[in-house]
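S.K.: The following block contains the structure, expressed as C-alpha cells.
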Amino acid sequence: MPSVYSTNTIIDNTKVDVCNDIKMINIDYTIKGKLYKITNKFFKGYQGEEKLLVVVLLTVDKKNINLSDQILIPYKSNVKLMKANEFPEFIGYGGKFLIKYNYSVNLTRKSFYDNESLNILIELANEAKVKLEMFSKKYHICQIDLENFLKNGTRKDLSYLLKESVNNSK
C-alpha cells in the first residue's frame with residue numbers, strides 16, 4: 001500500500017506538474033526495474049481523477065521505463081515516475097528528514113549484497129510499523145475516513161482530519 005498525503009502543502013512546493021484537481025497523492029517506493037514488473041501498481045486504484053500516484057524508483061533510472069507505450073493505464077496522466085534523488089524536492093524533504101530518506105535509499109540499494117544493510121533496513125521498517133500502528137490507534141484514522149474526507153471535504157490540509165479524529169477519540 002503506498003503512502004497517502006494530503007496535497008495542500010505538497011503541491012505548492014512541487015516541481016512536478018500536478019493539476020489543481022488532485023486531492024490525494026499516493027507514493028509507492030519500488031526496487032523493480034522493468035515496466036512489466038511495476039504495471040500491477042497502476043491497476044490498484046492508486047491513481048484516479050483526484051488521485052496522483054508517484055512511483056519512486058529506488059534502484060533504476062526512469063529512462064528505462066516508458067509509460068507512453070502503455071496506453072491501457074487508467075488515468076495515466078496521474079502517474080508520475082521519479083528517480084529516488086528527484087523525489088525529495090517534489091515532496092519537500094529537507095534537513096534531518098532528507099538525511100534519513102537518503103540513508104534509507106542507500107540501505108535499500110546495499111541490501112541486495114550486504115546482509116548488515118538488510119538487517120538495519122528490516123529493523124527500521126519494524127520501528128516504522130510500530131510507530132504507524134501507535135499513530136493509527138491514537139488518532140483512529142482509516143482509509144474510509146480519509147476517502148470520506150476527500151469526497152466531502154475541501155482542499156484542506158490533512159491536519160483537519162487529524163484534529164477531528166482526536167476530538168472524536170476523547
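Every chain in the C-alpha cells takes a letter, A first, then B, and so on in the order presented; its residues are numbered from 1, and the ligands are numbered from 1 following the presented order.
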As a VMD selection string, please: the residues near range 43-50 of chain A (cut-off 8 Å, only C-alpha atoms, same-chain neighbours under 2 positions excluded).
M.R.: chain A and resid 2 21 to 24 26 39 to 41 52 to 53 73 to 75 78 to 79
S.K.: The selected residues should be written to file as a JSON list (two decimals), in the first residue's frame (atoms: C-alpha atoms).
M.R.:
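Once everything was written out, this is result_12.json:
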```json
[["chain", "number", "residue", "atom", "x", "y", "z"],
["A", 2, "PRO", "CA", 1.51, 3.34, -0.92],
["A", 21, "ASP", "CA", -7.99, 18.68, -9.08],
["A", 22, "ILE", "CA", -5.59, 16.35, -7.24],
["A", 23, "LYS", "CA", -6.68, 15.84, -3.63],
["A", 24, "MET", "CA", -4.54, 12.83, -2.71],
["A", 26, "ASN", "CA", -0.19, 8.05, -3.21],
["A", 39, "THR", "CA", 2.41, -2.27, -14.01],
["A", 40, "ASN", "CA", 0.30, -4.01, -11.35],
["A", 41, "LYS", "CA", 0.62, -0.81, -9.29],
["A", 52, "LEU", "CA", -1.91, 11.10, -8.16],
["A", 53, "LEU", "CA", 0.34, 8.04, -7.99],
["A", 73, "ILE", "CA", -3.13, 2.54, -17.85],
["A", 74, "PRO", "CA", -6.15, 4.20, -16.18],
["A", 75, "TYR", "CA", -5.59, 7.90, -15.53],
["A", 78, "ASN", "CA", -1.91, 10.97, -12.95],
["A", 79, "VAL", "CA", 1.00, 8.54, -12.75]]
```
S.K.: Would you mind reading off the distance between CA of Thr59 in chain A and CA of Lys110 in chain A, one decimal, in Å?
M.R.: 10.0 Å
S.K.: Give me, as a ChimeraX atom specification, the residues of range 42-147 of chain A that a backbone DSSP run labels alpha helix (DSSP H).
M.R.: /A:87-91,95-110,115-139,143-147
S.K.: Take the residues that were just selected and, keeping C-alpha atoms, output them as an mmCIF file, in the first residue's frame.
M.R.:
```
data_model
loop_
_atom_site.group_PDB
_atom_site.id
_atom_site.type_symbol
_atom_site.label_atom_id
_atom_site.label_comp_id
_atom_site.auth_asym_id
_atom_site.auth_seq_id
_atom_site.Cartn_x
_atom_site.Cartn_y
_atom_site.Cartn_z
ATOM 1 C CA PHE A 87 11.545 12.679 -5.043
ATOM 2 C CA PRO A 88 12.806 14.728 -2.042
ATOM 3 C CA GLU A 89 12.445 18.002 -3.928
ATOM 4 C CA PHE A 90 8.965 17.011 -5.123
ATOM 5 C CA ILE A 91 7.725 16.168 -1.641
ATOM 6 C CA GLY A 95 17.029 18.775 6.943
ATOM 7 C CA LYS A 96 17.059 15.660 9.110
ATOM 8 C CA PHE A 97 14.198 14.090 7.167
ATOM 9 C CA LEU A 98 16.166 14.336 3.924
ATOM 10 C CA ILE A 99 19.197 12.792 5.627
ATOM 11 C CA LYS A 100 17.062 9.876 6.891
ATOM 12 C CA TYR A 101 15.466 9.439 3.464
ATOM 13 C CA ASN A 102 18.836 9.314 1.684
ATOM 14 C CA TYR A 103 20.156 6.909 4.330
ATOM 15 C CA SER A 104 17.180 4.585 3.774
ATOM 16 C CA VAL A 105 17.558 4.705 -0.017
ATOM 17 C CA ASN A 106 21.264 3.855 0.267
ATOM 18 C CA LEU A 107 20.485 0.996 2.681
ATOM 19 C CA THR A 108 17.917 -0.330 0.233
ATOM 20 C CA ARG A 109 20.449 -0.347 -2.580
ATOM 21 C CA LYS A 110 23.136 -2.002 -0.419
ATOM 22 C CA ASN A 115 23.336 -8.563 4.969
ATOM 23 C CA GLU A 116 24.128 -5.912 7.576
ATOM 24 C CA SER A 117 22.380 -3.250 5.491
ATOM 25 C CA LEU A 118 19.433 -5.592 5.003
ATOM 26 C CA ASN A 119 19.168 -6.200 8.761
ATOM 27 C CA ILE A 120 19.301 -2.456 9.517
ATOM 28 C CA LEU A 121 16.619 -1.844 6.900
ATOM 29 C CA ILE A 122 14.400 -4.542 8.409
ATOM 30 C CA GLU A 123 14.877 -3.007 11.871
ATOM 31 C CA LEU A 124 13.965 0.458 10.586
ATOM 32 C CA ALA A 125 10.882 -0.942 8.835
ATOM 33 C CA ASN A 126 9.746 -2.690 12.016
ATOM 34 C CA GLU A 127 10.224 0.523 14.043
ATOM 35 C CA ALA A 128 8.215 2.481 11.466
ATOM 36 C CA LYS A 129 5.456 -0.128 11.533
ATOM 37 C CA VAL A 130 5.190 0.138 15.338
ATOM 38 C CA LYS A 131 5.043 3.942 15.132
ATOM 39 C CA LEU A 132 2.365 3.783 12.434
ATOM 40 C CA GLU A 133 0.286 1.356 14.493
ATOM 41 C CA MET A 134 0.596 3.634 17.553
ATOM 42 C CA PHE A 135 -0.400 6.638 15.441
ATOM 43 C CA SER A 136 -3.392 4.782 13.969
ATOM 44 C CA LYS A 137 -4.609 3.692 17.410
ATOM 45 C CA LYS A 138 -4.214 7.183 18.843
ATOM 46 C CA TYR A 139 -5.969 9.006 16.020
ATOM 47 C CA GLN A 143 -8.812 4.666 4.671
ATOM 48 C CA ILE A 144 -12.601 5.101 4.823
ATOM 49 C CA ASP A 145 -12.250 8.251 6.963
ATOM 50 C CA LEU A 146 -9.742 9.659 4.510
ATOM 51 C CA GLU A 147 -11.862 8.814 1.463
#
```
S.K.: For the atom pair CA of Phe112 in chain A and CA of Lys34 in chain A, what is the interatomic distance in Å to one decimal place?
M.R.: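 So the two atoms, CA of Phe112 in chain A and CA of Lys34 in chain A, lie 16.8 Å apart.
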